[in-house]
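This is my_file_6.cif. It holds mmCIF, C-alpha atoms and all ligand atoms.
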data_data
#
loop_
_atom_site.label_atom_id
_atom_site.label_comp_id
_atom_site.auth_asym_id
_atom_site.auth_seq_id
_atom_site.Cartn_x
_atom_site.Cartn_y
_atom_site.Cartn_z
CA MET A 1007 307.73 66.86 26.32
CA ALA A 1008 308.84 65.60 29.70
CA GLU A 1009 306.32 65.61 32.53
CA THR A 1010 307.20 66.32 36.13
CA GLY A 1011 304.37 65.62 38.58
CA GLY A 1012 301.42 67.84 37.74
CA TRP A 1013 303.51 70.10 35.56
CA GLN A 1014 304.38 69.80 31.91
CA ARG A 1015 307.27 71.62 30.32
CA VAL A 1016 305.84 73.42 27.30
CA ALA A 1017 308.46 75.88 26.13
CA ALA A 1018 311.82 77.48 26.62
CA LEU A 1019 311.51 80.97 28.07
CA SER A 1020 313.93 82.20 25.41
CA ASP A 1021 311.40 81.15 22.72
CA LEU A 1022 308.74 83.54 24.02
CA ARG A 1023 308.57 87.05 22.65
CA GLU A 1024 306.62 89.81 24.32
CA GLY A 1025 303.52 90.65 22.32
CA GLU A 1026 303.46 87.33 20.45
CA ALA A 1027 301.65 84.09 21.14
CA PHE A 1028 303.58 80.83 21.47
CA VAL A 1029 301.53 77.77 20.59
CA ALA A 1030 301.91 74.66 22.73
CA LYS A 1031 300.14 71.42 23.54
CA LEU A 1032 299.07 70.43 27.02
CA GLY A 1033 298.03 66.81 26.62
CA ASP A 1034 295.38 67.06 23.91
CA ALA A 1035 294.60 70.70 24.62
CA ALA A 1036 295.76 73.49 22.34
CA ILE A 1037 297.08 76.30 24.49
CA ALA A 1038 298.99 79.49 23.84
CA LEU A 1039 301.62 81.11 26.01
CA TYR A 1040 302.05 84.85 26.25
CA ARG A 1041 304.95 86.75 27.72
CA LEU A 1042 303.76 90.01 29.24
CA ASN A 1043 305.89 92.55 31.08
CA ASP A 1044 305.14 90.93 34.45
CA GLY A 1045 305.29 87.25 33.62
CA VAL A 1046 304.23 84.37 31.42
CA TYR A 1047 300.59 83.34 31.05
CA ALA A 1048 298.81 80.44 29.36
CA ILE A 1049 295.23 80.23 28.10
CA GLY A 1050 293.27 77.92 25.84
CA ASP A 1051 293.94 78.67 22.19
CA VAL A 1052 290.51 77.97 20.70
CA CYS A 1053 288.02 80.83 20.68
CA THR A 1054 284.76 80.14 22.52
CA HIS A 1055 282.69 81.75 19.75
CA GLU A 1056 283.39 79.67 16.64
CA PHE A 1057 286.52 77.85 15.62
CA ALA A 1058 289.55 80.09 15.45
CA LEU A 1059 292.98 79.96 17.01
CA LEU A 1060 293.48 82.96 19.24
CA SER A 1061 297.24 82.71 18.80
CA GLN A 1062 296.71 83.95 15.24
CA GLY A 1063 295.15 87.15 16.53
CA PHE A 1064 296.62 90.32 17.94
CA VAL A 1065 297.98 90.98 21.42
CA GLU A 1066 297.09 94.40 22.79
CA ASP A 1067 297.06 95.75 26.35
CA GLY A 1068 297.19 92.31 27.95
CA ALA A 1069 294.38 90.95 25.78
CA ILE A 1070 294.25 88.70 22.74
CA GLU A 1071 291.90 89.57 19.91
CA CYS A 1072 290.37 86.70 17.96
CA PRO A 1073 291.41 86.87 14.29
CA LEU A 1074 287.97 85.81 13.03
CA HIS A 1075 285.38 88.14 14.61
CA GLN A 1076 287.50 90.18 17.02
CA ALA A 1077 286.26 88.88 20.37
CA LYS A 1078 288.79 89.71 23.08
CA PHE A 1079 290.09 87.68 26.00
CA ASP A 1080 292.18 88.70 28.96
CA ILE A 1081 295.52 86.89 28.70
CA LYS A 1082 296.00 86.66 32.48
CA SER A 1083 292.59 85.24 33.35
CA GLY A 1084 291.05 83.96 30.11
CA ARG A 1085 288.07 86.21 30.79
CA CYS A 1086 286.00 87.19 27.76
CA LEU A 1087 286.23 90.98 27.36
CA ALA A 1088 284.42 91.63 24.10
CA ALA A 1089 281.66 90.07 21.96
CA PRO A 1090 280.75 88.14 19.94
CA ALA A 1091 282.21 85.47 22.26
CA THR A 1092 280.53 85.27 25.67
CA GLU A 1093 282.38 82.43 27.40
CA ASP A 1094 285.83 82.67 28.92
CA VAL A 1095 288.70 80.54 27.68
CA LYS A 1096 290.47 78.34 30.20
CA SER A 1097 293.44 79.80 31.95
CA TYR A 1098 296.38 77.70 33.17
CA THR A 1099 298.92 78.12 35.96
CA VAL A 1100 302.44 78.73 34.69
CA LYS A 1101 305.79 78.51 36.41
CA VAL A 1102 309.19 79.42 35.06
CA GLU A 1103 312.34 77.70 36.28
CA GLY A 1104 315.49 78.98 34.67
CA ASN A 1105 314.79 78.80 30.95
CA ASP A 1106 312.00 76.22 31.29
CA VAL A 1107 308.31 77.14 31.19
CA PHE A 1108 305.90 74.70 32.84
CA VAL A 1109 302.11 74.61 32.83
CA ARG A 1110 300.08 72.80 35.47
CA THR A 1111 298.25 69.88 33.92
S1 LIG B 1 285.60 82.78 16.29
FE1 LIG B 1 286.48 84.14 17.70
S2 LIG B 1 285.13 85.83 17.70
FE2 LIG B 1 284.23 84.45 16.31
#

Have the structure of the file written as structure tokens, please.
Ligand code: FES
Amino acid sequence: MAETGGWQRVAALSDLREGEAFVAKLGDAAIALYRLNDGVYAIGDVCTHEFALLSQGFVEDGAIECPLHQAKFDIKSGRCLAAPATEDVKSYTVKVEGNDVFVRT
């Protein structure tokens, strides 16, 4: 994907569906994009408990539930909301220009 300054284009806005995760790569990092009713958000895709991809879990009320042991993370902030995970996942700054979605590297 093309890089522009500190931003990397990671998706087309038209590829994102509300309530579903969109998996992307930011350098070597696995991230997932989420389209909520007030914007697009990006957080790390690997659960902080054991190894599971959060993008394979369920989106509910602005949170993503890990598919393995059901920890929950806030999609806007990456904050851990429910055990068994205790650490937050990283959250990334997103900007949308036209149909292009960028994440700050
Ligand atoms: S791996 Fe996500 S809660 Fe255990």

Margin query: Which residues are close to A:Gly1045, i.e. within 12 Å by only C-alpha atoms, leaving aside same-chain residues fewer than 5 positions away? Reply as a VMD selection string.
Written below: chain A and resid 1019 1022 to 1025 1039 to 1040 1068 1081 to 1082 1099 to 1102 1107

Please give me, as a tab-separated table (two decimals) with C-alpha atoms, keeping the file's coordinate frame, the residues lying within 6 Å of ligand LIG 1 (chain B) when counting only C-alpha atoms and all ligand atoms.
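As written to disk, out28.tsv reads:
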chain	number	residue	atom	x	y	z
A	1053	CYS	CA	288.02	80.83	20.68
A	1055	HIS	CA	282.69	81.75	19.75
A	1056	GLU	CA	283.39	79.67	16.64
A	1057	PHE	CA	286.52	77.85	15.62
A	1058	ALA	CA	289.55	80.09	15.45
A	1072	CYS	CA	290.37	86.70	17.96
A	1074	LEU	CA	287.97	85.81	13.03
A	1075	HIS	CA	285.38	88.14	14.61
A	1076	GLN	CA	287.50	90.18	17.02
A	1077	ALA	CA	286.26	88.88	20.37
A	1090	PRO	CA	280.75	88.14	19.94
A	1091	ALA	CA	282.21	85.47	22.26

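For the residues A:Phe1108, A:Asp1051, A:Asp1021, A:Val1046, ranking by smallest atom-to-atom distance to A:Asp1034 using all atoms listed in the file places A:Asp1051 first.
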
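Atom CA of A:Glu1093 is positioned 22.1 Å from atom CA of A:Gly1033.
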
Next item on the list: Take atom CA of A:Gly1050 and atom CA of A:Ala1069 and report the distance between them in Å, one decimal.
Entry: 13.1 Å

Note to self: Taking 3 positions as the minimum chain separation for residues in the same chain, which residues sit within 9 Å of A:Ala1030 when counting only C-alpha atoms? Answer as a ChimeraX atom specification.
What the structure shows: /A:1016-1017,1035-1039,1051

Item checked: Closest of A:Leu1032, A:Glu1026, A:Arg1041, A:Leu1087 to A:Gly1012 - atom-to-atom distances counting only C-alpha atoms -> A:Leu1032

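Residue nearest A:Glu1066 within the list A:Arg1015, A:Ala1027, A:Glu1103, A:Asp1094: A:Ala1027 [criterion: smallest interatomic distance, all atoms listed in the file].
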
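Atom pair atom CA of A:Asp1106 / atom CA of A:Glu1071: separated by 26.7 Å.
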
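Counting all atoms listed in the file, the residue from A:Pro1073, A:Val1095, A:Lys1078, A:Arg1110 that sits nearest to A:Ser1061 is A:Pro1073.
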
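Of the listed residues A:Lys1031, A:Phe1079, A:Gln1014, A:Ser1020, the one whose atoms come nearest to A:Leu1060 is A:Phe1079, with distances taken using all atoms listed in the file.
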
Next item on the list: Find, counting all atoms listed in the file, the residue in A:Ile1049, A:Thr1111, A:Phe1064, A:Leu1042 that gets nearest to A:Val1029.
Entry: A:Ile1049

May I have the centre and edge lengths, in Å to one decimal, of an axis-aligned box around the listed atoms of stretch 1093-1102 of chain A with 3 Å added to every side, as JSON?
{"center_x": 295.8, "center_y": 80.2, "center_z": 31.9, "size_x": 32.8, "size_y": 11.0, "size_z": 15.0}
